[in-house]
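> Take a look at this one; I'll ask things after.
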Amino acid sequence: MRAAPLLAPLQSRMQSFLLQGGADLRALVVADDIADAQTRLGIYADAYRLRLLEVLRGDYPVLFELLGAESFEGVGRGYIAAHPSDTPSLRWFGRHLAEHLRAVQPQRPELADLAAFEWSQGEVFDAPDASVLPLAAMTQIAPAAWGEMRVLLHPSARHLQLRSNAAALVGAHGKSQPLPQTQSTPAETWLLWRQQHMIHWRALGVAEAAALDAVRTHLGFGDLCERLCEWIEPEEVAMVAAGMLKRWISDQLVAELEFS
Amino acid sequence: MRRDLHTAAANAALGFGLGLRTDHYEAILNGPTADDACAEWPIDWLEILSENYMVGGGKPLHYLDRIAERYPMVMHGVSLSIGSTDPLDRAYLIQLKALAERVQPRFISDHFCWTGVAGRNLHDLLPLPHTDEAVRHIARRVREVQDFLGRQILLENISSYLSFKHSALPEWEFIRAVAEEADCGLLLDVNNIYVNSCNHGFDPQTFIDAIPVERVQQIHLAGHSHNGKLVIDTHDHPVPDPVWALYAIAVQRFGTVPTMIERDDHIPLLPELLAELAHARGIATTIKHAEVEASA
């Protein structure tokens, strides 16, 4: 006669113990002269949190520097409790940290901004590869094709809106310089992308941010120009939009021009 | 049917390898190729952590492709969760298969463990009760994975800090039973055998003697730390003498199985790991020569 199934309830109880610390597993664990059950279970409980804290520290080095080890650990432990991992790779464990900080530290929005910026950098780092258009491609666009043309960005392109100087903090950290004081700023859209293997970023003016928003929503270039009329004189829009496209291509941001 | 045993025979000559770590990308690319392995550069192959390369692109895959052009590769995973009572993660398996198609690894391995249930991943190699139920459960899932991947996988013995009262089998019998029932290969981690022998109070040679020789296709060597009476598998120290001694016993039983040094933390400059790898090669060579002389 086979024994009653044990595996599923045992795993469920051990997971509860590791996630919430509530379940008492001592009766299930062998205790001996080498170590008692609590010590043995404690190794796993400690390792679980330490491993995830280390992952967060790796994903958010500037936030770690800004907060210091103790505060960062406090934030990290709160995050670990609120967002247990649900992906096979630790690569994605920290993806909710900005959202978490917005919820638990609403009085310090610059922390969420910084976390969002650092997470975007990570996404840019290992986003899918794609070939990029050479600048010469612009000269091959038939005049009649511009209106319906759609711009497809490189898969690494990310944008986010910041209301603080997160980019300045990241820049200083990258140069091993002391971090500047965090500051609130007017809302500004930032673009991040990869050139070869280097991560680039820059702030966008409102018109270019709107243009890139049109690109992301797959609007044709004609519609993109119409949007720009909110900020740019109609007779100048075509020239300005073409200038933006030229810069995007030069910056290796454009993977393809689609003509339907 | 015993799959891939002919491949296993071919892979037995693979030699000595290292776990590929980002710190060493440039040194590996600037060094000799596997074809030029020598006393100063004793790397015959490299092992990757599979999950680190389950990304869209960028630097990780760029370096992986360039290094795989120069070295035979092995894939080692930590999230198969073969012992979990959750269904197998089909999306993970698809990613694993796609990576294998890219890398063309000699082996694909994971661990005798579970990593989470109810859709959670605890990112730890958690111990299993050594029961008949677990043997049947894991063997069935290993067969499913092997069918999906179209090849045999290897499972590695884990280090553990607790054992369950329900366990009816010693760890070595549990491993042998799963391997036989699932028809999978084994990745023997000699450090983990040592760690468990300390943590659970058994003779490590008993473990080694119980493992079927033909199943062992790869060996891991690593270091550990001490926490009171418990030994922790931290992979952050050089391989210590007791593990080298156990490795010699393993070589006597299993022959010159492809062997690698596994370092995951406090990663030193490459020459330190190369020296350890040369030491492993030296132990294996000495034992092989002694056996040849004894049989002459």
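Simple scheme: letters A, B, ... for chains in structure tokens order, numbers from 1 for residues in each chain, numbers from 1 for ligands in the order shown.
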Write out as JSON lines the residues of chain B that have any atom within 7 Å of an atom of chain A, one row each with the nearest atom pair and its distance in Å to one decimal, counting only C-alpha atoms, sorted by chain and then rising number.


{"residue": "B:Glu51", "atom": "CA", "partner": "A:Ser89", "partner_atom": "CA", "distance": 5.6}
{"residue": "B:Val55", "atom": "CA", "partner": "A:Asp126", "partner_atom": "CA", "distance": 6.1}
{"residue": "B:Gly56", "atom": "CA", "partner": "A:Pro128", "partner_atom": "CA", "distance": 3.9}
{"residue": "B:Gly57", "atom": "CA", "partner": "A:Pro128", "partner_atom": "CA", "distance": 4.1}
{"residue": "B:Gly58", "atom": "CA", "partner": "A:Asp126", "partner_atom": "CA", "distance": 4.4}
{"residue": "B:Lys59", "atom": "CA", "partner": "A:His197", "partner_atom": "CA", "distance": 6.1}
{"residue": "B:Pro60", "atom": "CA", "partner": "A:Asp126", "partner_atom": "CA", "distance": 7.0}
{"residue": "B:Ser79", "atom": "CA", "partner": "A:Pro88", "partner_atom": "CA", "distance": 5.4}
{"residue": "B:Thr85", "atom": "CA", "partner": "A:Ala8", "partner_atom": "CA", "distance": 5.6}
{"residue": "B:Tyr92", "atom": "CA", "partner": "A:Pro88", "partner_atom": "CA", "distance": 7.0}
{"residue": "B:Gly116", "atom": "CA", "partner": "A:Gln15", "partner_atom": "CA", "distance": 6.8}
{"residue": "B:Val117", "atom": "CA", "partner": "A:Ser12", "partner_atom": "CA", "distance": 6.7}
{"residue": "B:Gly119", "atom": "CA", "partner": "A:Asp86", "partner_atom": "CA", "distance": 5.8}
{"residue": "B:Arg120", "atom": "CA", "partner": "A:Asp86", "partner_atom": "CA", "distance": 4.5}
{"residue": "B:Asn121", "atom": "CA", "partner": "A:Ser85", "partner_atom": "CA", "distance": 5.3}
{"residue": "B:Leu122", "atom": "CA", "partner": "A:Ser85", "partner_atom": "CA", "distance": 6.7}
{"residue": "B:Asp124", "atom": "CA", "partner": "A:Tyr48", "partner_atom": "CA", "distance": 6.9}
{"residue": "B:Glu133", "atom": "CA", "partner": "A:Pro5", "partner_atom": "CA", "distance": 6.9}
{"residue": "B:Ala134", "atom": "CA", "partner": "A:Leu7", "partner_atom": "CA", "distance": 6.8}
{"residue": "B:Tyr161", "atom": "CA", "partner": "A:Arg40", "partner_atom": "CA", "distance": 5.5}
{"residue": "B:Leu162", "atom": "CA", "partner": "A:Arg40", "partner_atom": "CA", "distance": 5.5}
{"residue": "B:Ser163", "atom": "CA", "partner": "A:Val30", "partner_atom": "CA", "distance": 5.7}
{"residue": "B:Phe164", "atom": "CA", "partner": "A:Val29", "partner_atom": "CA", "distance": 4.6}
{"residue": "B:Lys165", "atom": "CA", "partner": "A:Val30", "partner_atom": "CA", "distance": 5.5}
{"residue": "B:Asn199", "atom": "CA", "partner": "A:Ile34", "partner_atom": "CA", "distance": 6.7}
{"residue": "B:Lys229", "atom": "CA", "partner": "A:Ile34", "partner_atom": "CA", "distance": 5.8}
{"residue": "B:Leu230", "atom": "CA", "partner": "A:Ile34", "partner_atom": "CA", "distance": 6.9}

> Got a sec: who's within 9 Å of Asp265 in chain B, counting only C-alpha atoms, leaving out chain neighbours fewer than 3 positions off, as a count of residues only?

5

> Within 7 Å of Phe221 in chain A, counting only C-alpha atoms, which residues show up once you throw out same-chain ones fewer than 4 positions away? Write them as a list in words, please.

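The contact residues come out as Trp146, Gly147, Glu148, Met149, Arg150 and Cys225 of chain A.
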
> Which polymer residues have any atom within 9 Å of an atom of Ser164 in chain A, counting only C-alpha atoms, with same-chain residues fewer than 4 positions away left out, as a list in words?

Pro109, Glu110, Asp113, Leu114, Thr182, Gln183, Ser184, Thr185, Pro186, Ala187 and Glu188 of chain A

> Excluding range 158-161 of chain A and its own-chain neighbours fewer than 2 positions away, which residues fall within 6 Å of it when counting only C-alpha atoms? Please give them as a PyMOL selection string.

chain A and resi 188-192
